[in-house]
>>> print(open('target_39.txt').read())   # compact mmCIF, C-alpha atoms
# COMPACT_ATOMS: atom_id res chain seq x y z
CA MET A 521 -88.30 37.01 -46.71
CA ARG A 522 -88.84 38.35 -43.21
CA GLY A 523 -85.34 37.24 -42.25
CA SER A 524 -83.73 39.03 -45.17
CA ILE A 525 -85.58 42.27 -44.36
CA ASP A 526 -84.48 42.00 -40.72
CA SER A 527 -80.89 41.46 -41.89
CA CYS A 528 -81.03 44.59 -44.03
CA VAL A 529 -82.40 46.64 -41.14
CA TYR A 530 -79.72 45.24 -38.83
CA ILE A 531 -76.93 45.99 -41.32
CA THR A 532 -78.24 49.53 -41.77
CA TYR A 533 -78.39 49.94 -37.99
CA ILE A 534 -74.83 48.66 -37.54
CA ALA A 535 -73.58 50.88 -40.37
CA GLY A 536 -75.17 53.87 -38.61
CA ILE A 537 -73.41 53.01 -35.38
CA MET A 538 -70.08 52.39 -37.14
CA THR A 539 -69.91 55.93 -38.52
CA ASP A 540 -69.84 57.36 -34.97
CA GLN A 541 -67.77 54.60 -33.45
CA LEU A 542 -64.47 55.60 -31.86
CA GLY A 543 -61.21 53.72 -31.98
CA GLU A 544 -59.20 53.25 -28.79
CA PHE A 545 -56.67 55.94 -29.63
CA GLU A 546 -59.42 58.36 -30.62
CA GLN A 547 -60.96 57.91 -27.17
CA VAL A 548 -57.57 58.53 -25.55
CA VAL A 549 -57.13 61.77 -27.51
CA LEU A 550 -60.65 62.99 -26.75
CA LEU A 551 -60.26 62.23 -23.04
CA ALA A 552 -56.90 64.03 -22.92
CA ILE A 553 -58.48 67.11 -24.53
CA LEU A 554 -61.38 66.99 -22.06
CA ARG A 555 -58.90 66.82 -19.17
CA LEU A 556 -56.91 69.79 -20.48
CA ASP A 557 -60.03 71.90 -21.00
CA ASP A 558 -58.97 75.27 -22.49
CA GLU A 559 -55.27 74.40 -22.65
CA ALA A 560 -55.49 71.59 -25.21
CA TYR A 561 -53.08 72.02 -28.11
CA GLY A 562 -50.74 69.60 -29.89
CA ALA A 563 -47.80 69.59 -27.44
CA SER A 564 -49.97 69.62 -24.29
CA ILE A 565 -52.24 66.84 -25.59
CA ARG A 566 -49.25 64.64 -26.34
CA ALA A 567 -47.74 65.37 -22.90
CA GLU A 568 -51.06 64.62 -21.16
CA ILE A 569 -51.41 61.28 -22.96
CA GLU A 570 -47.81 60.41 -22.09
CA LYS A 571 -48.39 61.34 -18.43
CA CYS A 572 -51.61 59.35 -18.07
CA THR A 573 -50.76 56.27 -20.13
CA ASP A 574 -46.96 56.12 -19.73
CA ARG A 575 -46.82 55.90 -23.50
CA GLY A 576 -46.13 58.80 -25.86
CA PRO A 577 -48.04 58.63 -29.13
CA THR A 578 -46.08 59.20 -32.33
CA PRO A 579 -46.68 62.79 -33.50
CA GLY A 580 -47.78 61.68 -36.97
CA ALA A 581 -50.51 59.41 -35.55
CA MET A 582 -51.66 62.10 -33.14
CA TYR A 583 -52.06 64.89 -35.71
CA THR A 584 -53.76 62.49 -38.13
CA THR A 585 -56.21 61.53 -35.37
CA LEU A 586 -56.86 65.17 -34.47
CA ASP A 587 -57.64 65.94 -38.13
CA ARG A 588 -59.87 62.90 -38.42
CA LEU A 589 -61.83 63.75 -35.26
CA GLU A 590 -62.25 67.32 -36.47
CA ALA A 591 -63.51 66.06 -39.84
CA LYS A 592 -65.99 63.83 -37.99
CA GLY A 593 -67.25 66.89 -36.12
CA MET A 594 -66.11 65.60 -32.73
CA LEU A 595 -63.47 68.30 -32.30
CA ALA A 596 -63.35 71.99 -33.08
CA SER A 597 -60.17 74.05 -33.26
CA ARG A 598 -59.13 77.69 -33.13
CA MET A 599 -55.79 79.43 -33.54
CA GLY A 600 -54.22 81.19 -30.54
CA ASP A 601 -51.63 83.94 -30.43
CA PRO A 602 -48.00 83.43 -31.54
CA THR A 603 -45.54 82.78 -28.70
CA PRO A 604 -41.73 83.28 -28.65
CA GLU A 605 -40.90 79.81 -27.25
CA ARG A 606 -42.50 78.32 -30.35
CA GLY A 607 -40.50 80.49 -32.73
CA GLY A 608 -43.37 82.95 -33.10
CA ARG A 609 -45.83 80.26 -34.13
CA ALA A 610 -49.41 80.16 -32.91
CA LYS A 611 -50.97 77.29 -30.98
CA ARG A 612 -53.96 75.47 -32.41
CA TYR A 613 -56.36 74.89 -29.52
CA PHE A 614 -58.85 72.04 -29.59
CA ARG A 615 -62.11 71.50 -27.77
CA VAL A 616 -64.44 68.52 -27.76
CA THR A 617 -67.84 69.17 -29.34
CA PRO A 618 -71.08 67.84 -27.82
CA SER A 619 -71.14 65.01 -30.38
CA GLY A 620 -67.56 64.13 -29.39
CA GLU A 621 -68.50 64.02 -25.72
CA ALA A 622 -71.51 61.84 -26.54
CA ALA A 623 -69.34 59.46 -28.56
CA VAL A 624 -66.82 59.11 -25.71
CA ALA A 625 -69.62 58.51 -23.19
CA ARG A 626 -71.16 55.87 -25.47
CA ALA A 627 -67.82 54.11 -25.93
CA GLN A 628 -67.11 54.16 -22.20
CA ARG A 629 -70.57 52.76 -21.41
CA ALA A 630 -69.84 49.90 -23.80
CA TYR A 631 -66.57 49.19 -21.95
CA GLN A 632 -68.36 49.31 -18.59
CA LYS A 633 -70.98 46.83 -19.80
CA LEU A 634 -68.26 44.48 -21.01
CA LEU A 635 -66.45 44.73 -17.68
CA GLN A 636 -69.54 44.14 -15.54
CA GLY A 637 -69.30 40.94 -13.52
CA LEU A 638 -65.68 40.30 -14.43
CA LYS A 639 -63.05 39.81 -11.78
CA LEU A 640 -59.79 40.85 -13.30
CA ARG A 641 -56.40 40.63 -11.64
CA GLY A 642 -55.48 44.15 -10.56
CA GLY A 643 -59.08 45.35 -10.15
CA ALA A 644 -62.55 43.96 -9.52
CA TYR A 645 -65.69 45.09 -11.29
CA ALA A 646 -69.17 44.40 -10.02
CA MET B 9 -34.67 79.07 -36.91
CA ARG B 10 -34.18 78.97 -40.63
CA SER B 11 -34.27 75.16 -40.81
CA GLN B 12 -37.61 75.11 -38.95
CA ALA B 13 -39.01 77.67 -41.38
CA ILE B 14 -37.98 75.43 -44.28
CA ALA B 15 -39.53 72.44 -42.52
CA GLU B 16 -42.75 74.42 -42.06
CA GLY B 17 -42.79 75.39 -45.73
CA LEU B 18 -42.34 71.77 -46.79
CA LEU B 19 -45.14 70.58 -44.50
CA ALA B 20 -47.42 73.36 -45.78
CA MET B 21 -47.25 71.72 -49.21
CA PHE B 22 -49.34 68.86 -47.81
CA THR B 23 -51.62 70.70 -45.39
CA ASP B 24 -52.69 74.29 -44.91
CA ARG B 25 -50.20 76.94 -43.78
CA ALA B 26 -51.79 77.62 -40.34
CA ARG B 27 -51.88 73.94 -39.49
CA ALA B 28 -48.28 73.41 -40.61
CA SER B 29 -47.19 76.40 -38.54
CA SER B 30 -48.94 75.15 -35.39
CA ILE B 31 -47.52 71.64 -35.79
CA VAL B 32 -43.94 72.88 -36.22
CA GLY B 33 -44.53 75.20 -33.24
CA ASP B 34 -45.69 72.22 -31.13
CA LEU B 35 -42.62 70.22 -32.13
CA ALA B 36 -40.30 73.19 -31.46
CA GLU B 37 -41.86 73.65 -28.01
CA ALA B 38 -41.42 69.97 -27.13
CA ALA B 39 -37.90 69.94 -28.59
CA ARG B 40 -36.78 72.46 -25.96
CA GLU B 41 -36.84 69.51 -23.52
CA LYS B 42 -36.26 66.60 -25.87
CA GLY B 43 -33.59 68.05 -28.15
CA ASP B 44 -33.04 68.69 -31.84
CA ALA B 45 -32.77 65.01 -32.78
CA TRP B 46 -36.25 64.42 -31.41
CA PHE B 47 -37.57 67.42 -33.34
CA TRP B 48 -36.37 66.02 -36.66
CA TRP B 49 -37.53 62.50 -35.89
CA ALA B 50 -41.00 63.81 -34.95
CA TYR B 51 -41.05 66.10 -37.98
CA ALA B 52 -40.22 63.20 -40.31
CA ASP B 53 -43.04 61.20 -38.75
CA VAL B 54 -45.57 64.04 -39.21
CA LEU B 55 -44.37 64.77 -42.74
CA GLY B 56 -44.63 61.08 -43.67
CA SER B 57 -48.20 60.92 -42.32
CA ALA B 58 -49.20 64.07 -44.18
CA ALA B 59 -47.40 63.33 -47.45
CA TRP B 60 -47.96 59.67 -48.22
CA ARG B 61 -51.50 60.07 -49.49
CA PRO B 62 -50.84 62.99 -51.88
CA VAL B 63 -47.71 61.22 -53.16
CA ALA B 64 -49.52 57.88 -53.58
CA ALA B 65 -52.42 59.70 -55.27
CA PHE B 66 -50.06 61.41 -57.72
CA VAL B 67 -48.20 58.20 -58.58
CA SER B 68 -51.44 56.24 -59.05
CA ALA B 69 -53.13 58.96 -61.10
CA ALA B 70 -49.99 59.27 -63.26
CA ALA B 71 -50.06 55.50 -63.83
CA VAL B 72 -53.73 55.68 -64.85
CA ALA B 73 -52.99 58.56 -67.22
CA TRP B 74 -50.04 56.63 -68.67
CA PHE B 75 -51.79 53.34 -69.23
CA GLY B 76 -55.27 54.72 -69.81
CA GLY B 77 -54.49 57.87 -71.77
CA ARG B 78 -54.64 56.26 -75.18
CA TYR B 79 -56.05 59.26 -76.94
CA TYR B 80 -55.04 62.83 -77.32
CA VAL B 81 -57.60 63.61 -74.68
CA GLY B 82 -57.62 67.38 -74.60
CA GLY B 83 -56.94 67.71 -78.30
CA GLY B 84 -59.55 65.03 -78.89
CA CYS B 85 -62.21 67.12 -77.24
CA PHE B 86 -61.26 70.19 -79.21
CA SER B 87 -61.03 68.32 -82.49
CA ALA B 88 -64.37 66.68 -81.74
CA LEU B 89 -65.86 70.10 -81.17
CA LEU B 90 -64.27 71.54 -84.28
CA ASN B 91 -64.92 68.65 -86.62
CA VAL B 92 -68.54 67.71 -86.14
CA ASN B 93 -69.42 66.00 -89.36
CA PRO B 94 -73.12 66.13 -90.19
CA ALA B 95 -72.71 62.91 -92.17
CA SER B 96 -71.37 60.90 -89.21
CA GLY B 97 -73.81 62.71 -87.01
CA LEU B 98 -74.21 63.53 -83.38
CA PRO B 99 -73.58 60.01 -81.99
CA VAL B 100 -69.93 60.01 -83.14
CA PHE B 101 -69.35 63.44 -81.65
CA LEU B 102 -70.99 62.37 -78.38
CA MET B 103 -68.90 59.21 -78.36
CA ARG B 104 -65.66 61.20 -78.61
CA VAL B 105 -66.64 63.68 -75.92
CA LEU B 106 -67.90 61.00 -73.51
CA ASP B 107 -64.83 58.88 -74.07
CA ASN B 108 -62.53 61.80 -73.31
CA ALA B 109 -64.60 62.85 -70.32
CA GLY B 110 -64.28 59.29 -69.03
CA GLU B 111 -60.49 59.43 -69.27
CA PHE B 112 -60.41 62.68 -67.33
CA SER B 113 -62.81 61.29 -64.76
CA ALA B 114 -60.75 58.14 -64.24
CA PHE B 115 -57.78 60.38 -63.42
CA ILE B 116 -59.84 62.51 -61.04
CA PHE B 117 -61.37 59.43 -59.40
CA ILE B 118 -58.02 57.73 -58.71
CA PHE B 119 -56.51 60.93 -57.35
CA ALA B 120 -59.52 61.92 -55.21
CA ALA B 121 -60.20 58.38 -53.91
CA ILE B 122 -56.63 58.00 -52.61
CA ARG B 123 -56.18 61.61 -51.51
CA PHE B 124 -59.58 62.18 -49.89
CA GLY B 125 -61.07 58.70 -49.46
CA LEU B 126 -63.74 56.66 -51.20
CA ASN B 127 -66.52 58.53 -49.38
CA ASP B 128 -65.48 61.80 -51.00
CA ARG B 129 -68.23 63.29 -53.18
CA LEU B 130 -65.87 64.33 -55.97
CA ALA B 131 -64.39 60.81 -56.08
CA ARG B 132 -67.83 59.20 -56.28
CA LEU B 133 -69.09 61.47 -59.05
CA ALA B 134 -65.85 61.06 -61.01
CA LEU B 135 -66.25 57.28 -60.65
CA GLY B 136 -69.72 57.52 -62.20
CA PHE B 137 -68.41 59.46 -65.21
CA ALA B 138 -65.36 57.21 -65.53
CA VAL B 139 -67.47 54.03 -65.60
CA LEU B 140 -69.73 55.53 -68.25
CA GLY B 141 -66.72 56.61 -70.29
CA ILE B 142 -65.25 53.11 -70.11
CA VAL B 143 -68.59 51.56 -71.16
CA VAL B 144 -68.68 53.90 -74.16
CA ASP B 145 -65.09 52.98 -74.97
CA TRP B 146 -65.59 49.22 -74.76
CA PHE B 147 -68.96 49.05 -76.50
CA PHE B 148 -68.34 51.68 -79.16
CA PHE B 149 -69.58 49.26 -81.83
CA VAL B 150 -73.06 49.04 -80.32
CA ASP B 151 -75.57 51.25 -82.09
CA TYR B 152 -76.77 54.16 -80.05
CA MET B 153 -74.30 53.39 -77.23
CA SER B 154 -73.28 57.03 -77.13
CA VAL B 155 -76.91 58.13 -76.94
CA LEU B 156 -77.55 55.66 -74.10
CA ALA B 157 -74.42 56.83 -72.28
CA ALA B 158 -75.42 60.45 -72.79
CA ALA B 159 -78.80 59.65 -71.27
CA ALA B 160 -77.08 57.94 -68.33
CA ILE B 161 -74.81 60.96 -67.82
CA THR B 162 -77.83 63.25 -67.91
CA ILE B 163 -79.44 61.16 -65.16
CA LEU B 164 -76.17 61.28 -63.18
CA CYS B 165 -75.99 65.07 -63.56
CA VAL B 166 -79.65 65.57 -62.61
CA HIS B 167 -79.12 63.38 -59.55
CA ALA B 168 -76.02 65.39 -58.59
CA LEU B 169 -77.82 68.69 -59.08
CA ARG B 170 -80.41 67.77 -56.46
CA SER B 171 -78.09 68.35 -53.50
CA PRO B 172 -75.81 71.33 -52.73
CA MET B 173 -72.74 69.10 -52.35
CA GLY B 174 -73.64 67.28 -55.59
CA ARG B 175 -73.81 70.62 -57.41
CA ARG B 176 -70.42 71.58 -56.01
CA SER B 177 -68.92 68.26 -57.07
CA LEU B 178 -70.34 68.66 -60.56
CA GLY B 179 -68.92 72.17 -60.73
CA ALA B 180 -65.53 70.91 -59.57
CA ILE B 181 -65.48 68.21 -62.24
CA ALA B 182 -66.47 70.72 -64.93
CA VAL B 183 -63.71 73.11 -63.83
CA LEU B 184 -61.18 70.27 -63.87
CA TRP B 185 -62.23 69.03 -67.30
CA ILE B 186 -61.78 72.51 -68.77
CA ALA B 187 -58.45 72.95 -66.94
CA PHE B 188 -57.17 69.57 -68.19
CA MET B 189 -58.14 70.41 -71.77
CA ALA B 190 -56.37 73.75 -71.41
CA LEU B 191 -53.26 72.04 -69.99
CA ASP B 192 -53.10 69.75 -72.96
CA TYR B 193 -53.82 72.57 -75.36
CA VAL B 194 -50.94 74.75 -74.12
CA GLY B 195 -48.46 72.00 -74.79
CA LEU B 196 -48.11 70.05 -71.56
CA LYS B 197 -48.50 66.48 -72.69
CA THR B 198 -50.65 65.36 -69.79
CA PHE B 199 -52.74 62.29 -70.71
CA ARG B 200 -51.10 61.98 -74.11
CA ALA B 201 -48.20 59.64 -73.58
CA GLY B 202 -50.06 56.36 -73.74
CA ILE B 203 -50.87 56.37 -77.44
CA ASP B 204 -47.41 55.30 -78.50
CA HIS B 205 -47.24 52.88 -75.59
CA VAL B 206 -50.38 51.08 -76.70
CA LEU B 207 -49.26 51.03 -80.31
CA GLY B 208 -45.99 49.48 -79.19
CA PHE B 209 -43.62 52.19 -80.38
CA ARG B 210 -42.12 52.93 -77.00
CA ASN B 211 -42.66 51.49 -73.58
CA ALA B 212 -41.29 53.91 -71.01
CA PRO B 213 -41.49 57.65 -70.39
CA ALA B 214 -37.68 57.83 -70.54
CA ALA B 215 -37.77 56.68 -74.15
CA TYR B 216 -39.48 59.93 -75.10
CA GLY B 217 -36.64 62.15 -73.95
CA ALA B 218 -36.11 64.60 -71.12
CA TRP B 219 -38.26 67.42 -72.51
CA PHE B 220 -41.21 65.11 -73.04
CA CYS B 221 -40.86 63.69 -69.53
CA PHE B 222 -40.69 67.21 -68.13
CA CYS B 223 -43.86 68.21 -69.97
CA TYR B 224 -45.63 64.97 -69.18
CA PHE B 225 -44.91 64.65 -65.47
CA GLY B 226 -45.04 68.43 -65.01
CA GLY B 227 -48.48 68.41 -66.60
CA LEU B 228 -49.59 65.56 -64.36
CA ALA B 229 -48.24 67.31 -61.27
CA ILE B 230 -50.19 70.45 -62.21
CA ALA B 231 -53.28 68.30 -62.83
CA CYS B 232 -52.97 66.75 -59.35
CA LEU B 233 -52.39 70.15 -57.78
CA LEU B 234 -55.48 71.45 -59.57
CA CYS B 235 -57.52 68.52 -58.25
CA ALA B 236 -56.44 69.28 -54.68
CA ARG B 237 -56.96 73.06 -55.01
CA VAL B 238 -60.34 72.80 -56.72
CA HIS B 239 -61.41 70.26 -54.12
CA ARG B 240 -60.42 72.58 -51.30
CA ALA B 241 -62.05 75.61 -52.90
CA VAL B 242 -65.29 74.01 -54.07
CA ILE B 243 -65.96 71.08 -51.75
CA GLY B 244 -64.15 71.86 -48.51
CA SER B 245 -60.92 71.50 -46.64
CA GLY B 246 -60.47 68.00 -48.00
CA GLU B 247 -59.19 66.60 -44.76
CA LEU B 248 -59.51 62.90 -45.11
CA VAL B 249 -61.71 60.93 -42.72
CA ARG B 250 -59.46 57.95 -42.35
CA ALA B 251 -61.03 54.76 -41.07
>>> encode(input="target_39.txt", output="structure tokens")
Amino acid sequence: MRGSIDSCVYITYIAGIMTDQLGEFEQVVLLAILRLDDEAYGASIRAEIEKCTDRGPTPGAMYTTLDRLEAKGMLASRMGDPTPERGGRAKRYFRVTPSGEAAVARAQRAYQKLLQGLKLRGGAYA
Amino acid sequence: MRSQAIAEGLLAMFTDRARASSIVGDLAEAAREKGDAWFWWAYADVLGSAAWRPVAAFVSAAAVAWFGGRYYVGGGCFSALLNVNPASGLPVFLMRVLDNAGEFSAFIFIFAAIRFGLNDRLARLALGFAVLGIVVDWFFFVDYMSVLAAAAITILCVHALRSPMGRRSLGAIAVLWIAFMALDYVGLKTFRAGIDHVLGFRNAPAAYGAWFCFCYFGGLAIACLLCARVHRAVIGSGELVRA
């Protein structure tokens, strides 16, 4: 009986964590937006990810991820002014919310814990 | 460019206008370096990501309406309202209304679950009504089934009314039920096609003729559009939280 109650509590706990858990690409997007600060919009985010990871994300995946993170409350967006080089279309600027920053920090701490004590080729972690 | 404006208009069918405009602007800005071919490749990728869920939701909901729509749903509700027979009593009337409400709800559930995800409040509430409608349908021969189902629906409604989002979902479902009945009433044959299918007269929409298909699929398309619009207006933006 005690074991089954513990299991239920554990499952509830894990489910609670899972709702705020970030996928790898979500972390990449959030970090790119944090790096860009006030200049984070679709084209610049994609360029920043490409510059830092040597891999350009597909636009469909990136906009889907931006929408998902905004729906989770980890991103907020606002519309800028129209510009001629974009055919008179406005930029949609993103910023990371406090809960987004907390989620990235939590995910990175988990990575750091996993790396502790490992000696990997190309970099040592102690 | 005119072609980019058309592309923006097409994308706006699957997301809001401001978002579509900013996405096409991003692609146009990047295409100044990468070229027109890249623009159209990237646009196709974005459009595919934005469109597959609404398209899949429409196709699935249409299939449910086709195979599940055995009754003249909208007309059924009206005739049930108009032909309450004191001799057969309230249970028969309740049975008809609950059955029809279940058919509507199954349509809403399939559409909302695929379009907005299983965690969506409208999808969950519609699932509750759909299950009750199916129970009424399958166990129609059980005495007082309709009364039991009505009691269960009352509990479901009271539960929904306890939270603001539940109230909104209930309101959205009520608006959609009325709109679907009206659609059927004005002649669009949404939800009606299945009766002949089940009875074995015909087995494909094409067998009914072009005008019927136009009315049927046109009605379903309007029904799906209504689901999306009502969801956006009553519940929120409806942006899916994809796992």
>>> atom_distance(input="target_39.txt", atom1="CA of Ala70 (chain B)", atom2="CA of Ala58 (chain B)")
19.7 Å
>>> residues_around(input="target_39.txt", residues="region 558-573 of chain A", least_positions_apart="2", cutoff="10 Å", atoms="only C-alpha atoms", output="mmCIF file with C-alpha atoms, in the frame of the given file")
data_model
loop_
_atom_site.group_PDB
_atom_site.id
_atom_site.type_symbol
_atom_site.label_atom_id
_atom_site.label_comp_id
_atom_site.auth_asym_id
_atom_site.auth_seq_id
_atom_site.Cartn_x
_atom_site.Cartn_y
_atom_site.Cartn_z
ATOM 1 C CA VAL A 548 -57.570 58.530 -25.550
ATOM 2 C CA VAL A 549 -57.130 61.770 -27.510
ATOM 3 C CA LEU A 550 -60.650 62.990 -26.750
ATOM 4 C CA LEU A 551 -60.260 62.230 -23.040
ATOM 5 C CA ALA A 552 -56.900 64.030 -22.920
ATOM 6 C CA ILE A 553 -58.480 67.110 -24.530
ATOM 7 C CA LEU A 554 -61.380 66.990 -22.060
ATOM 8 C CA ARG A 555 -58.900 66.820 -19.170
ATOM 9 C CA LEU A 556 -56.910 69.790 -20.480
ATOM 10 C CA ARG A 575 -46.820 55.900 -23.500
ATOM 11 C CA GLY A 576 -46.130 58.800 -25.860
ATOM 12 C CA PRO A 577 -48.040 58.630 -29.130
ATOM 13 C CA THR A 578 -46.080 59.200 -32.330
ATOM 14 C CA PRO A 579 -46.680 62.790 -33.500
ATOM 15 C CA MET A 582 -51.660 62.100 -33.140
ATOM 16 C CA TYR A 583 -52.060 64.890 -35.710
ATOM 17 C CA LEU A 586 -56.860 65.170 -34.470
ATOM 18 C CA SER A 597 -60.170 74.050 -33.260
ATOM 19 C CA ARG A 598 -59.130 77.690 -33.130
ATOM 20 C CA MET A 599 -55.790 79.430 -33.540
ATOM 21 C CA GLY A 600 -54.220 81.190 -30.540
ATOM 22 C CA LYS A 611 -50.970 77.290 -30.980
ATOM 23 C CA ARG A 612 -53.960 75.470 -32.410
ATOM 24 C CA TYR A 613 -56.360 74.890 -29.520
ATOM 25 C CA PHE A 614 -58.850 72.040 -29.590
ATOM 26 C CA ARG A 615 -62.110 71.500 -27.770
ATOM 27 C CA VAL A 616 -64.440 68.520 -27.760
ATOM 28 C CA SER B 30 -48.940 75.150 -35.390
ATOM 29 C CA ILE B 31 -47.520 71.640 -35.790
ATOM 30 C CA VAL B 32 -43.940 72.880 -36.220
ATOM 31 C CA GLY B 33 -44.530 75.200 -33.240
ATOM 32 C CA ASP B 34 -45.690 72.220 -31.130
ATOM 33 C CA LEU B 35 -42.620 70.220 -32.130
ATOM 34 C CA ALA B 36 -40.300 73.190 -31.460
ATOM 35 C CA GLU B 37 -41.860 73.650 -28.010
ATOM 36 C CA ALA B 38 -41.420 69.970 -27.130
ATOM 37 C CA ALA B 39 -37.900 69.940 -28.590
#
>>> atom_distance(input="target_39.txt", atom1="CA of His239 (chain B)", atom2="CA of Phe119 (chain B)")
11.0 Å
>>> closest_residue(input="target_39.txt", among="B:Val54, B:Cys232, B:Val155, B:Val105", to="Phe117 (chain B)", atoms="all atoms listed in the file")
B:Cys232
>>> closest_residue(input="target_39.txt", among="A:Asp601, A:Ser619, A:Ala591, A:Gly580", to="Tyr51 (chain B)", atoms="all atoms listed in the file")
A:Gly580
>>> closest_residue(input="target_39.txt", among="B:Ala159, B:Ala180, B:Ala138, B:Ala190", to="Val242 (chain B)", atoms="only C-alpha atoms")
B:Ala180
>>> atom_distance(input="target_39.txt", atom1="CA of Ala168 (chain B)", atom2="CA of Ile181 (chain B)")
11.5 Å
>>> closest_residue(input="target_39.txt", among="A:Glu544, A:Asp557, A:Thr603, A:Ala610", to="chain B", atoms="all atoms listed in the file")
A:Ala610
>>> interface_residues(input="target_39.txt", of="chain B", to="chain A", cutoff="12 Å", atoms="all atoms listed in the file", output="PyMOL selection string")
chain B and resi 9-13+16+19+23-42+46-61+124-125+127+244-251
>>> closest_residue(input="target_39.txt", among="A:Ala623, A:Ala596, A:Thr617, A:Arg641", to="Glu546 (chain A)", atoms="all atoms listed in the file")
A:Ala623
